[in-house]
Amino acid sequence: MGQDEVVKTSDAAVLFDLDGVLVDSRLAITTCINAALAEHDFPSYERDLLERFIGPPLALAFAELTGREPDSRLVASCVTAYRRHYATALARDTVAVSGIASVLADLGRNWRLAVATSKALVYAESVLEAVELRRHFAVVCGPGLGVQGESKAETIASALAALGNPAHAVMVGDRSFDVIGAHERGVPAIGVTWGIGDHHELQSCGADAVIDVPDQLPESVAHLLAKSATHQGD
């Protein structure tokens, strides 16, 4: 199969993380983390110190911030408090990444697009609607509100299944969790540096490509999908 056929096949998909990749949610998330900590008599933190918790599951963030186990009652209570605050902050304090809408429109002409996020599904849908990006995606997958501990690999598997398990796929993320989760499902991953993760994090976990601006996505996606199809045909 030639490259032009591969990149335009209907049996290929591009999966995206949400926070840091499609939207800038730093203000909304860090503000709500601090609000949840304050409710439980823990100290607040400067916003830049909390940004590294954007992307992984909330339980892991609050476990580290409180010194408790991820499945503890306190951590679960912090997650609940966070989500209560976030329900009102998400539309107010979240914006689309500059230039991402036109890139998604470009990508969508050749491939099916999906979101695979650790954010609770109800909030992911709300955020995408608020920043007017929802229309670009055939599928949006994330854990339910009461679900704790769903791994990124599991979310990616759910997105692929909802798409009918396409023969070729690539994941786009900004954290090591995205890359590792994709590789666990046999999917190549593009790391983007306009989110939270930097070159060192993304290269250290084995990202198949690392890019710095959204305009580089179409070329990078086409290359990895073509490479995937070539290997599959060997």
# chains A, B, ... in the order shown; residues from 1 in each chain; ligands from 1
$ select_by_dssp --residues "region 124-228 of chain A" --states "helix (DSSP H, G or I)" --output "MDAnalysis selection string"
chainID A and resid 124:130 134:136 152:162 176:184 199:204 214:228
$ residues_around --residues "region 136-146 of chain A" --least-positions-apart "2" --cutoff "6 Å" --atoms "only C-alpha atoms" --output "MDAnalysis selection string"
chainID A and resid 113:121 133:134 159
$ write_last_selection --atoms "C-alpha atoms" --output "mmCIF file, in the first residue's frame"
data_model
loop_
_atom_site.group_PDB
_atom_site.id
_atom_site.type_symbol
_atom_site.label_atom_id
_atom_site.label_comp_id
_atom_site.auth_asym_id
_atom_site.auth_seq_id
_atom_site.Cartn_x
_atom_site.Cartn_y
_atom_site.Cartn_z
ATOM 1 C CA LEU A 113 -10.571 11.668 14.962
ATOM 2 C CA ALA A 114 -11.207 10.693 18.578
ATOM 3 C CA VAL A 115 -10.433 11.948 22.079
ATOM 4 C CA ALA A 116 -9.005 9.602 24.725
ATOM 5 C CA THR A 117 -8.692 11.519 27.983
ATOM 6 C CA SER A 118 -8.277 10.820 31.705
ATOM 7 C CA LYS A 119 -10.803 13.597 32.356
ATOM 8 C CA ALA A 120 -14.256 12.373 33.343
ATOM 9 C CA LEU A 121 -16.264 11.922 30.154
ATOM 10 C CA LEU A 133 -14.122 21.621 19.041
ATOM 11 C CA ARG A 134 -16.589 18.771 19.630
ATOM 12 C CA ALA A 159 -11.672 4.780 21.914
#
$ select_by_dssp --residues "region 14-209 of chain A" --states "strand (DSSP E or B)" --output "list in words"
Val14, Leu15, Phe16, Asp19, Val23, Asp24, Val95, Ala96, Arg112, Leu113, Ala114, Val115, Ala116, Val139, Val140, Cys141, His168, Ala169, Val170, Met171, Val172, Gly173, Ala189, Ile190, Gly191, Val192 and Ala209 of chain A
$ closest_atom_pairs --of "region 64-139 of chain A" --to "region 206-219 of chain A" --cutoff "9 Å" --atoms "only C-alpha atoms" --output "CSV"
residue,atom,partner,partner_atom,distance
A:Val97,CA,A:Pro214,CA,8.6
A:Ser98,CA,A:Pro214,CA,8.3
A:Gly99,CA,A:Pro214,CA,6.6
A:Ile100,CA,A:Pro214,CA,6.0
A:Ser102,CA,A:Asp215,CA,8.9
A:Val103,CA,A:Asp215,CA,6.5
A:Leu104,CA,A:Pro218,CA,8.9
A:Asp106,CA,A:Pro218,CA,7.5
A:Leu107,CA,A:Pro218,CA,6.2
